[in-house]
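Data block for data-v1.txt (compact mmCIF, C-alpha atoms and all ligand atoms):
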# COMPACT_ATOMS: atom_id res chain seq x y z
CA MET A 1 -15.95 -16.05 4.59
CA THR A 2 -17.48 -16.61 1.15
CA ARG A 3 -19.35 -13.65 -0.28
CA LYS A 4 -21.93 -13.63 -3.05
CA LEU A 5 -21.47 -10.83 -5.57
CA GLN A 6 -24.09 -9.56 -8.01
CA PRO A 7 -23.45 -7.82 -11.31
CA ALA A 8 -24.19 -4.09 -11.42
CA ARG A 9 -25.22 -1.57 -14.06
CA SER A 10 -23.18 1.43 -12.94
CA VAL A 11 -21.63 3.21 -9.97
CA LYS A 12 -22.64 6.71 -8.97
CA GLY A 13 -21.96 9.08 -6.10
CA ARG A 14 -19.37 10.97 -4.12
CA ILE A 15 -17.19 9.14 -1.59
CA TRP A 16 -14.38 9.71 0.90
CA LEU A 17 -11.98 6.88 1.55
CA PRO A 18 -10.35 5.76 4.79
CA GLY A 19 -6.80 6.94 5.42
CA ASP A 20 -3.90 5.84 3.27
CA LYS A 21 -2.28 2.68 4.61
CA SER A 22 1.29 3.71 3.76
CA ILE A 23 0.97 7.13 5.38
CA SER A 24 -0.85 5.82 8.47
CA HIS A 25 1.98 3.39 9.30
CA ARG A 26 4.56 6.16 8.97
CA TYR A 27 2.65 8.67 11.09
CA ALA A 28 2.11 6.10 13.88
CA LEU A 29 5.76 4.99 13.89
CA LEU A 30 7.12 8.54 13.90
CA ALA A 31 4.60 9.71 16.52
CA ALA A 32 5.86 6.87 18.75
CA VAL A 33 9.45 8.19 18.68
CA ALA A 34 8.50 11.88 18.73
CA GLU A 35 8.23 13.79 21.99
CA GLY A 36 4.70 14.46 23.22
CA ARG A 37 1.12 13.78 22.19
CA SER A 38 0.39 13.29 18.49
CA VAL A 39 -3.14 13.13 17.13
CA ILE A 40 -3.60 11.23 13.86
CA ARG A 41 -7.00 11.68 12.19
CA ASN A 42 -8.46 9.46 9.44
CA TYR A 43 -6.02 6.71 10.41
CA SER A 44 -6.32 3.66 8.15
CA THR A 45 -9.06 1.32 9.34
CA GLY A 46 -7.26 -1.77 7.99
CA ALA A 47 -5.85 -4.63 10.03
CA ASP A 48 -2.31 -3.86 8.81
CA CYS A 49 -2.23 -0.44 10.43
CA ALA A 50 -3.86 -1.83 13.57
CA ALA A 51 -0.96 -4.30 13.74
CA THR A 52 1.50 -1.38 13.76
CA LEU A 53 -0.36 0.17 16.72
CA GLU A 54 -0.39 -3.16 18.58
CA CYS A 55 3.38 -3.58 18.10
CA LEU A 56 3.96 -0.05 19.37
CA ARG A 57 1.81 -0.74 22.44
CA SER A 58 3.95 -3.83 23.12
CA LEU A 59 6.95 -1.48 23.05
CA SER A 60 5.28 0.49 25.89
CA VAL A 61 4.01 3.38 23.77
CA PRO A 62 0.65 4.59 25.18
CA ILE A 63 -1.90 4.70 22.34
CA ASP A 64 -5.60 5.56 22.45
CA ARG A 65 -7.85 4.90 19.52
CA ASP A 66 -11.36 6.20 18.99
CA GLY A 67 -12.57 5.09 15.56
CA ASN A 68 -10.32 6.69 12.97
CA GLU A 69 -8.58 8.98 15.46
CA VAL A 70 -5.41 7.75 17.10
CA ILE A 71 -3.60 9.49 19.95
CA VAL A 72 0.02 8.49 20.48
CA GLU A 73 2.02 9.58 23.54
CA GLY A 74 5.55 9.58 22.18
CA GLY A 75 8.49 9.37 24.56
CA GLY A 76 11.22 10.32 22.07
CA LEU A 77 13.76 8.10 20.34
CA SER A 78 14.73 6.48 23.64
CA GLY A 79 11.17 6.11 24.92
CA LEU A 80 10.55 2.56 23.68
CA LYS A 81 10.97 -0.37 26.07
CA ALA A 82 11.94 -3.98 25.34
CA PRO A 83 8.78 -5.97 24.53
CA ALA A 84 7.73 -8.77 26.87
CA GLY A 85 7.07 -11.19 24.01
CA MET A 86 7.11 -11.62 20.25
CA LEU A 87 5.83 -8.61 18.26
CA ASP A 88 3.17 -9.60 15.71
CA ALA A 89 3.04 -7.74 12.38
CA GLY A 90 0.16 -9.93 11.15
CA ASN A 91 -0.08 -9.75 7.36
CA SER A 92 1.78 -6.45 7.13
CA GLY A 93 5.08 -6.20 5.25
CA SER A 94 5.15 -2.47 5.96
CA THR A 95 4.92 -3.04 9.72
CA ILE A 96 7.71 -5.59 9.94
CA ARG A 97 10.08 -3.79 7.56
CA MET A 98 9.58 -0.21 8.75
CA LEU A 99 9.36 -1.05 12.46
CA SER A 100 12.56 -3.13 12.13
CA GLY A 101 14.29 0.11 11.12
CA ILE A 102 13.26 1.70 14.41
CA LEU A 103 14.06 -1.45 16.43
CA ALA A 104 17.54 -1.55 14.91
CA GLY A 105 18.24 1.70 16.77
CA GLN A 106 17.00 0.44 20.15
CA PRO A 107 19.47 -0.91 22.72
CA PHE A 108 17.47 -4.07 23.43
CA ILE A 109 16.52 -7.35 21.82
CA SER A 110 13.19 -7.59 20.07
CA GLU A 111 11.56 -10.35 18.07
CA ILE A 112 8.99 -9.76 15.37
CA THR A 113 6.98 -12.16 13.26
CA GLY A 114 3.76 -12.33 11.23
CA ASP A 115 1.17 -14.61 9.68
CA GLU A 116 1.85 -17.43 7.25
CA SER A 117 1.97 -15.14 4.21
CA LEU A 118 4.33 -12.66 5.87
CA SER A 119 6.56 -15.52 7.02
CA ARG A 120 7.29 -16.27 3.36
CA ARG A 121 8.24 -12.69 2.39
CA PRO A 122 11.89 -11.68 1.97
CA MET A 123 13.55 -9.63 4.72
CA LYS A 124 17.16 -9.86 3.54
CA ARG A 125 16.54 -6.55 1.78
CA ILE A 126 16.26 -4.77 5.15
CA ILE A 127 18.66 -7.02 7.08
CA THR A 128 21.60 -6.11 4.81
CA PRO A 129 21.51 -2.32 5.32
CA LEU A 130 20.47 -2.50 8.97
CA GLU A 131 23.43 -4.81 9.71
CA GLN A 132 25.71 -2.42 7.83
CA MET A 133 24.51 0.23 10.26
CA GLY A 134 25.52 -1.98 13.20
CA ALA A 135 22.38 -3.93 14.19
CA ARG A 136 22.48 -7.73 14.52
CA ILE A 137 19.53 -9.50 12.98
CA ASP A 138 18.80 -13.23 12.93
CA ALA A 139 16.16 -14.50 10.54
CA ARG A 140 14.88 -17.89 9.43
CA GLU A 141 17.25 -18.98 6.65
CA GLY A 142 18.78 -15.50 6.90
CA ASN A 143 15.80 -14.07 5.01
CA PHE A 144 12.37 -14.81 6.52
CA PRO A 145 10.45 -13.89 9.69
CA PRO A 146 10.62 -14.25 12.60
CA LEU A 147 13.36 -11.64 12.99
CA ARG A 148 15.41 -11.29 16.15
CA ILE A 149 16.90 -7.82 16.30
CA LEU A 150 19.69 -6.72 18.59
CA GLY A 151 19.79 -2.99 18.08
CA GLY A 152 21.65 0.06 19.30
CA GLY A 153 25.00 1.74 18.64
CA LEU A 154 24.21 2.43 14.99
CA ASN A 155 26.40 4.32 12.55
CA ALA A 156 25.22 6.41 9.58
CA ILE A 157 25.68 4.89 6.10
CA ASP A 158 25.55 5.73 2.41
CA TYR A 159 23.28 3.15 0.92
CA GLU A 160 22.20 2.47 -2.63
CA LEU A 161 18.95 0.49 -2.66
CA PRO A 162 19.33 -2.63 -4.82
CA VAL A 163 15.51 -2.91 -5.16
CA ALA A 164 13.08 -0.07 -5.75
CA SER A 165 11.29 -0.46 -2.42
CA ALA A 166 9.82 2.30 -0.28
CA GLN A 167 9.65 -0.07 2.67
CA VAL A 168 13.40 -0.71 2.53
CA LYS A 169 14.15 3.00 2.03
CA THR A 170 12.00 3.72 5.09
CA ALA A 171 13.66 1.03 7.22
CA VAL A 172 17.06 2.65 6.57
CA LEU A 173 15.78 6.20 7.18
CA PHE A 174 14.02 5.20 10.41
CA ALA A 175 17.16 3.43 11.64
CA ALA A 176 19.16 6.53 10.66
CA LEU A 177 17.16 8.49 13.24
CA SER A 178 19.25 6.71 15.88
CA ALA A 179 22.63 7.03 14.11
CA PRO A 180 24.75 10.14 14.62
CA GLY A 181 25.59 12.06 11.41
CA TRP A 182 24.12 12.09 7.93
CA THR A 183 22.75 8.91 6.38
CA SER A 184 22.26 8.91 2.64
CA VAL A 185 19.96 6.60 0.68
CA ARG A 186 19.88 6.47 -3.11
CA GLU A 187 16.95 4.89 -4.91
CA PRO A 188 17.26 3.29 -8.38
CA LEU A 189 13.95 4.87 -9.41
CA PRO A 190 11.49 7.05 -7.57
CA VAL A 191 9.21 5.18 -5.16
CA ARG A 192 6.65 6.63 -2.74
CA ASP A 193 8.17 9.44 -0.69
CA HIS A 194 5.79 9.57 2.30
CA SER A 195 8.63 8.85 4.73
CA GLU A 196 10.70 11.82 3.61
CA ILE A 197 7.64 14.09 3.85
CA ALA A 198 6.53 12.74 7.23
CA LEU A 199 10.05 12.93 8.70
CA GLY A 200 10.13 16.62 7.74
CA GLU A 201 6.69 17.17 9.30
CA PHE A 202 7.85 15.64 12.59
CA GLY A 203 10.86 17.97 12.60
CA ALA A 204 13.73 15.84 11.26
CA ASP A 205 16.44 17.37 9.08
CA VAL A 206 15.84 15.68 5.75
CA GLU A 207 17.17 16.72 2.36
CA VAL A 208 16.14 15.35 -1.02
CA GLU A 209 18.21 15.92 -4.14
CA GLY A 210 17.48 13.92 -7.26
CA ASN A 211 17.43 10.26 -6.27
CA GLU A 212 19.26 10.85 -2.97
CA ILE A 213 17.66 11.31 0.44
CA ARG A 214 19.82 12.50 3.35
CA LEU A 215 18.80 12.45 6.99
CA LEU A 216 20.62 13.88 9.98
CA GLY A 217 20.50 11.40 12.85
CA GLN A 218 19.50 11.89 16.48
CA PRO A 219 16.97 14.68 15.94
CA ARG A 220 14.37 15.64 18.53
CA LEU A 221 11.15 14.78 16.78
CA THR A 222 8.15 16.83 17.84
CA ALA A 223 4.61 15.51 18.22
CA ARG A 224 2.08 16.59 15.55
CA GLU A 225 -1.62 16.74 14.80
CA LEU A 226 -2.17 15.38 11.31
CA THR A 227 -4.87 14.02 9.03
CA VAL A 228 -4.18 11.08 6.73
CA PRO A 229 -5.34 11.55 3.11
CA GLY A 230 -7.76 9.05 1.55
CA ASP A 231 -5.98 5.95 0.24
CA ILE A 232 -5.29 6.23 -3.50
CA SER A 233 -4.47 2.52 -3.72
CA SER A 234 -7.93 1.73 -2.31
CA SER A 235 -9.45 4.22 -4.76
CA ALA A 236 -8.15 2.02 -7.60
CA PHE A 237 -11.01 -0.44 -7.02
CA PHE A 238 -13.70 2.24 -7.19
CA ILE A 239 -12.06 3.89 -10.18
CA GLY A 240 -11.94 0.42 -11.76
CA ALA A 241 -15.65 -0.14 -11.09
CA ALA A 242 -16.53 3.24 -12.60
CA LEU A 243 -14.45 2.56 -15.72
CA LEU A 244 -15.92 -0.91 -16.24
CA LEU A 245 -19.58 0.03 -15.92
CA PRO A 246 -21.19 2.28 -18.57
CA GLY A 247 -22.83 5.50 -17.42
CA SER A 248 -20.85 5.55 -14.16
CA GLU A 249 -19.98 8.86 -12.55
CA LEU A 250 -18.00 8.81 -9.35
CA LYS A 251 -16.36 11.56 -7.32
CA ILE A 252 -13.71 10.75 -4.72
CA ASP A 253 -12.81 13.58 -2.35
CA GLY A 254 -10.03 13.99 0.22
CA LEU A 255 -7.92 11.64 -1.86
CA GLY A 256 -4.12 11.46 -1.55
CA LEU A 257 -2.62 12.77 -4.80
CA ASN A 258 1.08 12.50 -4.04
CA PRO A 259 2.82 12.33 -7.47
CA THR A 260 4.71 9.19 -6.39
CA ARG A 261 1.32 7.47 -6.13
CA THR A 262 -0.75 9.00 -8.95
CA SER A 263 0.84 7.01 -11.77
CA LEU A 264 -2.31 4.89 -11.61
CA LEU A 265 -4.25 7.89 -12.91
CA ASP A 266 -1.62 8.53 -15.62
CA VAL A 267 -1.70 4.90 -16.79
CA LEU A 268 -5.49 4.89 -16.94
CA ARG A 269 -5.64 8.22 -18.73
CA GLY A 270 -3.04 6.91 -21.17
CA MET A 271 -5.46 4.05 -21.83
CA GLY A 272 -8.21 6.59 -22.59
CA ALA A 273 -9.95 6.84 -19.19
CA ASP A 274 -11.95 9.95 -18.39
CA ILE A 275 -10.51 10.96 -15.01
CA ARG A 276 -10.47 14.61 -13.99
CA ILE A 277 -8.83 16.26 -11.01
CA LEU A 278 -11.41 18.75 -9.75
CA ASP A 279 -9.43 20.24 -6.93
CA ARG A 280 -5.90 19.98 -5.58
CA ARG A 281 -4.53 21.21 -2.25
CA CYS A 282 -1.68 20.31 0.10
CA LYS A 283 -1.93 19.17 3.73
CA TYR A 284 0.99 18.26 5.98
CA GLY A 285 3.24 18.17 2.92
CA GLU A 286 0.97 15.66 1.12
CA PRO A 287 -1.02 16.72 -1.97
CA ILE A 288 -4.72 15.80 -1.74
CA GLY A 289 -7.79 16.60 -3.82
CA GLU A 290 -10.99 15.51 -5.48
CA ILE A 291 -11.29 13.46 -8.65
CA LEU A 292 -14.14 12.64 -11.02
CA VAL A 293 -14.19 9.33 -12.92
CA CYS A 294 -16.66 8.75 -15.76
CA GLY A 295 -17.32 5.32 -17.27
CA PRO A 296 -17.89 4.52 -20.93
CA GLU A 297 -21.01 6.03 -22.50
CA SER A 298 -22.53 2.74 -23.58
CA ALA A 299 -22.14 -0.99 -22.98
CA ARG A 300 -20.95 -1.42 -26.57
CA GLN A 301 -17.93 0.80 -26.00
CA ALA A 302 -14.80 -0.88 -24.52
CA PRO A 303 -13.99 0.98 -21.31
CA LEU A 304 -10.34 1.60 -22.24
CA GLN A 305 -7.97 1.21 -25.16
CA GLY A 306 -5.32 -0.99 -23.54
CA GLY A 307 -1.56 -0.61 -23.40
CA VAL A 308 1.76 -1.70 -21.97
CA ILE A 309 2.98 -1.19 -18.39
CA GLU A 310 6.74 -1.66 -18.00
CA GLY A 311 9.94 -0.32 -16.42
CA ASP A 312 9.59 2.52 -13.91
CA MET A 313 5.86 2.63 -14.52
CA THR A 314 5.40 -0.94 -13.24
CA ALA A 315 7.09 -0.04 -9.94
CA ALA A 316 4.93 3.08 -9.64
CA VAL A 317 1.64 1.15 -9.94
CA ILE A 318 2.75 -2.11 -8.31
CA ASP A 319 -0.15 -2.25 -5.80
CA GLU A 320 -2.73 -1.42 -8.46
CA ILE A 321 -1.76 -4.13 -10.95
CA PRO A 322 -4.48 -6.62 -9.91
CA MET A 323 -7.16 -4.01 -10.72
CA LEU A 324 -5.36 -2.90 -13.89
CA ALA A 325 -5.19 -6.53 -15.07
CA VAL A 326 -8.98 -6.83 -14.76
CA LEU A 327 -9.45 -3.57 -16.69
CA GLY A 328 -6.98 -4.80 -19.31
CA ALA A 329 -9.15 -7.83 -20.07
CA ALA A 330 -12.13 -5.55 -20.76
CA SER A 331 -10.09 -3.03 -22.78
CA ALA A 332 -10.10 -2.82 -26.58
CA ASP A 333 -6.51 -3.90 -27.20
CA GLY A 334 -5.56 -5.72 -24.01
CA LEU A 335 -2.80 -5.06 -21.51
CA ILE A 336 0.80 -6.20 -21.30
CA ILE A 337 2.50 -5.98 -17.90
CA ARG A 338 6.29 -6.35 -17.79
CA ASP A 339 9.06 -5.97 -15.19
CA ALA A 340 6.70 -7.00 -12.41
CA GLY A 341 8.77 -9.72 -10.68
CA GLU A 342 8.18 -7.93 -7.34
CA LEU A 343 4.50 -8.88 -7.67
CA ARG A 344 5.44 -12.45 -6.84
CA LEU A 345 6.72 -11.28 -3.42
CA LYS A 346 3.57 -9.51 -2.23
CA GLU A 347 0.89 -10.87 0.15
CA THR A 348 0.40 -13.60 -2.47
CA ASP A 349 2.26 -14.25 -5.70
CA ARG A 350 -0.01 -11.79 -7.48
CA ILE A 351 0.98 -12.87 -10.99
CA THR A 352 -0.35 -16.33 -10.17
CA THR A 353 -3.39 -15.27 -8.14
CA VAL A 354 -4.49 -12.72 -10.76
CA ALA A 355 -4.09 -15.25 -13.60
CA ASP A 356 -5.91 -17.92 -11.58
CA ASN A 357 -8.95 -15.73 -10.94
CA LEU A 358 -9.02 -14.42 -14.51
CA ALA A 359 -9.07 -18.04 -15.71
CA ARG A 360 -11.99 -18.82 -13.38
CA MET A 361 -13.90 -15.99 -15.08
CA GLY A 362 -13.14 -17.46 -18.49
CA VAL A 363 -10.56 -14.77 -19.25
CA THR A 364 -7.34 -15.87 -20.94
CA ALA A 365 -3.99 -14.44 -19.90
CA GLU A 366 -0.45 -15.52 -20.68
CA VAL A 367 1.80 -15.70 -17.66
CA ASP A 368 5.45 -14.63 -17.89
CA PRO A 369 8.04 -14.93 -15.12
CA ASP A 370 7.75 -11.18 -14.51
CA GLY A 371 4.42 -10.22 -15.98
CA LEU A 372 1.16 -10.97 -17.76
CA ARG A 373 -0.19 -10.60 -21.28
CA ILE A 374 -3.93 -10.15 -21.27
CA PRO A 375 -5.82 -9.92 -24.57
CA GLY A 376 -8.65 -7.37 -24.72
CA ARG A 377 -12.40 -7.48 -25.37
CA GLN A 378 -12.95 -10.45 -23.10
CA SER A 379 -16.12 -10.94 -21.14
CA PHE A 380 -16.31 -12.03 -17.51
CA ARG A 381 -18.14 -15.25 -16.63
CA ALA A 382 -19.87 -15.50 -13.25
CA SER A 383 -17.72 -17.88 -11.24
CA ARG A 384 -16.21 -19.03 -7.96
CA LEU A 385 -13.34 -16.71 -7.16
CA ASP A 386 -10.74 -16.83 -4.38
CA SER A 387 -8.75 -14.03 -2.79
CA PHE A 388 -6.22 -16.57 -1.44
CA GLY A 389 -6.15 -14.31 1.63
CA ASP A 390 -4.83 -11.30 -0.32
CA HIS A 391 -6.72 -8.03 0.18
CA ARG A 392 -6.00 -6.53 -3.23
CA ILE A 393 -6.95 -9.76 -5.03
CA ALA A 394 -10.26 -9.82 -3.08
CA MET A 395 -11.13 -6.25 -4.06
CA ALA A 396 -9.98 -6.44 -7.69
CA PHE A 397 -12.11 -9.53 -8.33
CA ALA A 398 -15.10 -8.24 -6.37
CA VAL A 399 -15.04 -5.39 -8.90
CA ALA A 400 -14.57 -7.78 -11.85
CA SER A 401 -17.67 -9.66 -10.72
CA LEU A 402 -19.76 -6.48 -11.13
CA LYS A 403 -19.25 -6.98 -14.86
CA ALA A 404 -19.98 -10.75 -14.88
CA ASN A 405 -23.01 -12.40 -16.47
CA GLY A 406 -24.54 -13.55 -13.17
CA GLU A 407 -23.88 -14.07 -9.48
CA SER A 408 -20.28 -14.85 -8.50
CA GLU A 409 -18.83 -16.12 -5.24
CA LEU A 410 -15.65 -14.89 -3.61
CA ARG A 411 -13.91 -17.15 -1.10
CA ASN A 412 -11.87 -15.49 1.65
CA ALA A 413 -13.58 -12.20 0.78
CA ASP A 414 -12.85 -10.83 4.25
CA ALA A 415 -9.16 -10.52 3.34
CA ALA A 416 -10.16 -7.03 2.12
CA SER A 417 -10.15 -5.88 5.74
CA VAL A 418 -6.34 -6.02 5.78
CA SER A 419 -6.43 -2.57 4.19
CA PHE A 420 -10.11 -1.69 3.76
CA PRO A 421 -12.78 -3.21 6.06
CA GLU A 422 -15.50 -0.89 4.70
CA PHE A 423 -14.88 -1.93 1.08
CA TYR A 424 -17.97 -4.09 0.41
CA ASP A 425 -20.37 -1.70 2.20
CA LEU A 426 -19.06 1.25 0.27
CA LEU A 427 -19.24 -0.67 -3.00
CA ASP A 428 -22.86 -1.63 -2.22
CA GLN A 429 -23.68 2.02 -1.50
CA ILE A 430 -22.54 3.27 -4.90
CA THR A 431 -23.61 0.44 -7.21
CA GLU A 432 -26.87 0.57 -9.13
CA ALA A 433 -28.29 -2.84 -10.01
C1 LIG B 501 4.72 0.28 0.59
C2 LIG B 501 5.64 0.01 -0.39
C3 LIG B 501 5.43 -1.02 -1.43
C4 LIG B 501 3.96 -1.38 -1.53
C5 LIG B 501 3.34 -1.66 -0.19
C6 LIG B 501 3.43 -0.43 0.69
C7 LIG B 501 5.04 1.33 1.58
O1 LIG B 501 6.16 -2.18 -1.09
O2 LIG B 501 3.80 -2.50 -2.38
O3 LIG B 501 1.97 -2.02 -0.34
O4 LIG B 501 4.12 1.77 2.33
O5 LIG B 501 6.20 1.76 1.63
P1 LIG B 501 7.73 -2.35 -1.44
O6 LIG B 501 8.49 -1.41 -0.59
O7 LIG B 501 8.03 -3.79 -1.09
O8 LIG B 501 7.87 -2.08 -2.90
As structure tokens, please, write out the structure in this file.
Amino acid sequence: MTRKLQPARSVKGRIWLPGDKSISHRYALLAAVAEGRSVIRNYSTGADCAATLECLRSLSVPIDRDGNEVIVEGGGLSGLKAPAGMLDAGNSGSTIRMLSGILAGQPFISEITGDESLSRRPMKRIITPLEQMGARIDAREGNFPPLRILGGGLNAIDYELPVASAQVKTAVLFAALSAPGWTSVREPLPVRDHSEIALGEFGADVEVEGNEIRLLGQPRLTARELTVPGDISSSAFFIGAALLLPGSELKIDGLGLNPTRTSLLDVLRGMGADIRILDRRCKYGEPIGEILVCGPESARQAPLQGGVIEGDMTAAVIDEIPMLAVLGAASADGLIIRDAGELRLKETDRITTVADNLARMGVTAEVDPDGLRIPGRQSFRASRLDSFGDHRIAMAFAVASLKANGESELRNADAASVSFPEFYDLLDQITEA
């Protein structure tokens, strides 16, 4: 679907966002192996999290969904049954990697695949530790979906993650649920910790000390009623719109503010953004709250100063880089992004797809193997954009087009529904022409 996008003057209002994608996957997967009826409220409305539910249904887990509320009847760690056919993770790296952790512990054969984009994404990173734990996994060229997993009979391991990946950490921890004894995972730098928090909420014995997470296998997980916080990665696009457009004032309530995810706010504040946290509370172990974002006072003022994102910081804002790149082009001094090789392994090669769309808007950017250098004070030309089927590219450039000098077009705009089907409606609601 091609969508026409008009420039806007400002964004104003107070919004709540659909549930966090990362947390929704984890709650659904853990509810499936817990004992009893879990109720998950504000479950992510995106296609990725729907794919997780579909896979679980194919593993004979009864699931009812009414809008954003999901009811999962968990049958415990041994309640899953061999699927009749191939499991389909769609576009979702989280589904295939985290569910593979659970499947590795199941005494049956399962096969899992995904769409064209997912079929090109590396799985060796989960195959290596899961095989060390005792699963047997066949993959195309030893690295790509489809995966054929022969699980069961796992042993606990001590594992040092070679890549800073929360999906890999989660795959190991979820497999460890089925392995007797303590499994230990060490991460090279801190990545999102929703799995550790959720495991604790569902009753697992989980200990965190520095960069090490330890989990005691074969727990009895208990069903829970939980509410998923608003998705901070989705908020990036609304925060971006508010910072680009002068006179904007936007409040976002019920937003997930887990410190392993809020580096986006730190980076933007470091670039001079006016973002205030109005309220902070904690629910189900996850910090949430309300934020206020104010745009520049006048059109003459650059929205941000600019800066450098590198090292640990790059990993902490990896999903938000498409939006940050757009903001960098409008900033006073430009933005340099380094150490972002992982971006090439996302739903698209996001270094290439960001640079391609910037170029279409008349914005120059220098492409490095692991990053981008984007000079500041550039203006955005109305143009024909393309998401290339990547949800975050669709949303980042829909926001960029608000600042363009006329009507733009976005091909494959519907890719946004992978994480955020309501995105365009919500954006329409808060923009003032
Ligand atoms: C996610 C982890 C990150 C992130 C992805 C969601 C998660 O991926 O990019 O959108 O929910 O654990 P990696 O684990 O590949 O870094």
Residues within 6 Å of region 6-16 of chain A, all atoms listed in the file, excluding chain neighbours under 3 positions, as JSON, numbers by chain: {"A": [242, 245, 248, 249, 250, 251, 252, 253, 402, 403, 404, 407, 430, 431, 432, 433]}
Selection near Val206 (chain A), 9 Å with only C-alpha atoms, sequence-local residues under 4 positions removed, as a list of chain:residue names: A:Glu196, A:Ile197, A:Leu199, A:Gly200, A:Ile213, A:Arg214, A:Leu215, A:Leu216
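Counting from CA of Gly334 (chain A), the distance to CA of Val308 (chain A) is 8.6 Å.
Among the candidates A:Ser24, A:Thr314, A:Gln167, A:Asn357, the one nearest to ligand LIG 501 (chain B) when counting only C-alpha atoms and all ligand atoms is A:Gln167.
The space separating CA of Cys294 (chain A) from CA of Ile277 (chain A) comes to 11.8 Å.
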Build an axis-aligned box that encloses every atom of ligand LIG 501 (chain B) listed in the file, pad it by 6 Å on each side, and report its centre and edge lengths in Å to one decimal, as JSON.
{"center_x": 5.2, "center_y": -1.0, "center_z": -0.3, "size_x": 18.5, "size_y": 17.6, "size_z": 17.2}
Cut-off 10 Å: closest chain A/ligand LIG 501 (chain B) atom pairs per residue, using only C-alpha atoms and all ligand atoms, as JSON lines:
{"residue": "A:Asp20", "atom": "CA", "partner": "B:LIG501", "partner_atom": "O4", "distance": 9.0}
{"residue": "A:Lys21", "atom": "CA", "partner": "B:LIG501", "partner_atom": "O4", "distance": 6.9}
{"residue": "A:Ser22", "atom": "CA", "partner": "B:LIG501", "partner_atom": "O4", "distance": 3.7}
{"residue": "A:Ile23", "atom": "CA", "partner": "B:LIG501", "partner_atom": "O4", "distance": 6.9}
{"residue": "A:Ser24", "atom": "CA", "partner": "B:LIG501", "partner_atom": "O4", "distance": 8.9}
{"residue": "A:His25", "atom": "CA", "partner": "B:LIG501", "partner_atom": "O4", "distance": 7.5}
{"residue": "A:Arg26", "atom": "CA", "partner": "B:LIG501", "partner_atom": "O4", "distance": 8.0}
{"residue": "A:Ser92", "atom": "CA", "partner": "B:LIG501", "partner_atom": "O3", "distance": 8.7}
{"residue": "A:Gly93", "atom": "CA", "partner": "B:LIG501", "partner_atom": "C5", "distance": 7.3}
{"residue": "A:Ser94", "atom": "CA", "partner": "B:LIG501", "partner_atom": "O4", "distance": 5.7}
{"residue": "A:Thr95", "atom": "CA", "partner": "B:LIG501", "partner_atom": "O4", "distance": 8.9}
{"residue": "A:Arg97", "atom": "CA", "partner": "B:LIG501", "partner_atom": "O6", "distance": 8.6}
{"residue": "A:Met98", "atom": "CA", "partner": "B:LIG501", "partner_atom": "O5", "distance": 8.1}
{"residue": "A:Arg121", "atom": "CA", "partner": "B:LIG501", "partner_atom": "O7", "distance": 9.6}
{"residue": "A:Pro122", "atom": "CA", "partner": "B:LIG501", "partner_atom": "O7", "distance": 9.3}
{"residue": "A:Met123", "atom": "CA", "partner": "B:LIG501", "partner_atom": "O7", "distance": 9.9}
{"residue": "A:Arg125", "atom": "CA", "partner": "B:LIG501", "partner_atom": "O7", "distance": 9.4}
{"residue": "A:Val163", "atom": "CA", "partner": "B:LIG501", "partner_atom": "O8", "distance": 8.0}
{"residue": "A:Ala164", "atom": "CA", "partner": "B:LIG501", "partner_atom": "O8", "distance": 6.3}
{"residue": "A:Ser165", "atom": "CA", "partner": "B:LIG501", "partner_atom": "O6", "distance": 3.5}
{"residue": "A:Ala166", "atom": "CA", "partner": "B:LIG501", "partner_atom": "O6", "distance": 4.0}
{"residue": "A:Gln167", "atom": "CA", "partner": "B:LIG501", "partner_atom": "O6", "distance": 3.7}
{"residue": "A:Val168", "atom": "CA", "partner": "B:LIG501", "partner_atom": "O6", "distance": 5.9}
{"residue": "A:Lys169", "atom": "CA", "partner": "B:LIG501", "partner_atom": "O6", "distance": 7.6}
{"residue": "A:Thr170", "atom": "CA", "partner": "B:LIG501", "partner_atom": "O5", "distance": 7.0}
{"residue": "A:Ala171", "atom": "CA", "partner": "B:LIG501", "partner_atom": "O5", "distance": 9.4}
{"residue": "A:Val191", "atom": "CA", "partner": "B:LIG501", "partner_atom": "O8", "distance": 7.7}
{"residue": "A:Arg192", "atom": "CA", "partner": "B:LIG501", "partner_atom": "O5", "distance": 6.6}
{"residue": "A:Asp193", "atom": "CA", "partner": "B:LIG501", "partner_atom": "O5", "distance": 8.3}
{"residue": "A:His194", "atom": "CA", "partner": "B:LIG501", "partner_atom": "O5", "distance": 7.8}
{"residue": "A:Ser195", "atom": "CA", "partner": "B:LIG501", "partner_atom": "O5", "distance": 8.1}
{"residue": "A:Ser233", "atom": "CA", "partner": "B:LIG501", "partner_atom": "O3", "distance": 8.6}
{"residue": "A:Ala315", "atom": "CA", "partner": "B:LIG501", "partner_atom": "O8", "distance": 7.4}
{"residue": "A:Ala316", "atom": "CA", "partner": "B:LIG501", "partner_atom": "O8", "distance": 9.0}
{"residue": "A:Val317", "atom": "CA", "partner": "B:LIG501", "partner_atom": "O2", "distance": 8.7}
{"residue": "A:Ile318", "atom": "CA", "partner": "B:LIG501", "partner_atom": "O2", "distance": 6.0}
{"residue": "A:Asp319", "atom": "CA", "partner": "B:LIG501", "partner_atom": "O2", "distance": 5.2}
{"residue": "A:Glu320", "atom": "CA", "partner": "B:LIG501", "partner_atom": "O2", "distance": 9.0}
{"residue": "A:Glu342", "atom": "CA", "partner": "B:LIG501", "partner_atom": "O8", "distance": 7.4}
{"residue": "A:Leu343", "atom": "CA", "partner": "B:LIG501", "partner_atom": "O2", "distance": 8.3}
{"residue": "A:Leu345", "atom": "CA", "partner": "B:LIG501", "partner_atom": "O7", "distance": 8.0}
{"residue": "A:Lys346", "atom": "CA", "partner": "B:LIG501", "partner_atom": "O2", "distance": 7.0}
{"residue": "A:Glu347", "atom": "CA", "partner": "B:LIG501", "partner_atom": "O3", "distance": 8.9}
{"residue": "A:Arg392", "atom": "CA", "partner": "B:LIG501", "partner_atom": "O3", "distance": 9.6}
{"residue": "A:Ser419", "atom": "CA", "partner": "B:LIG501", "partner_atom": "O3", "distance": 9.6}
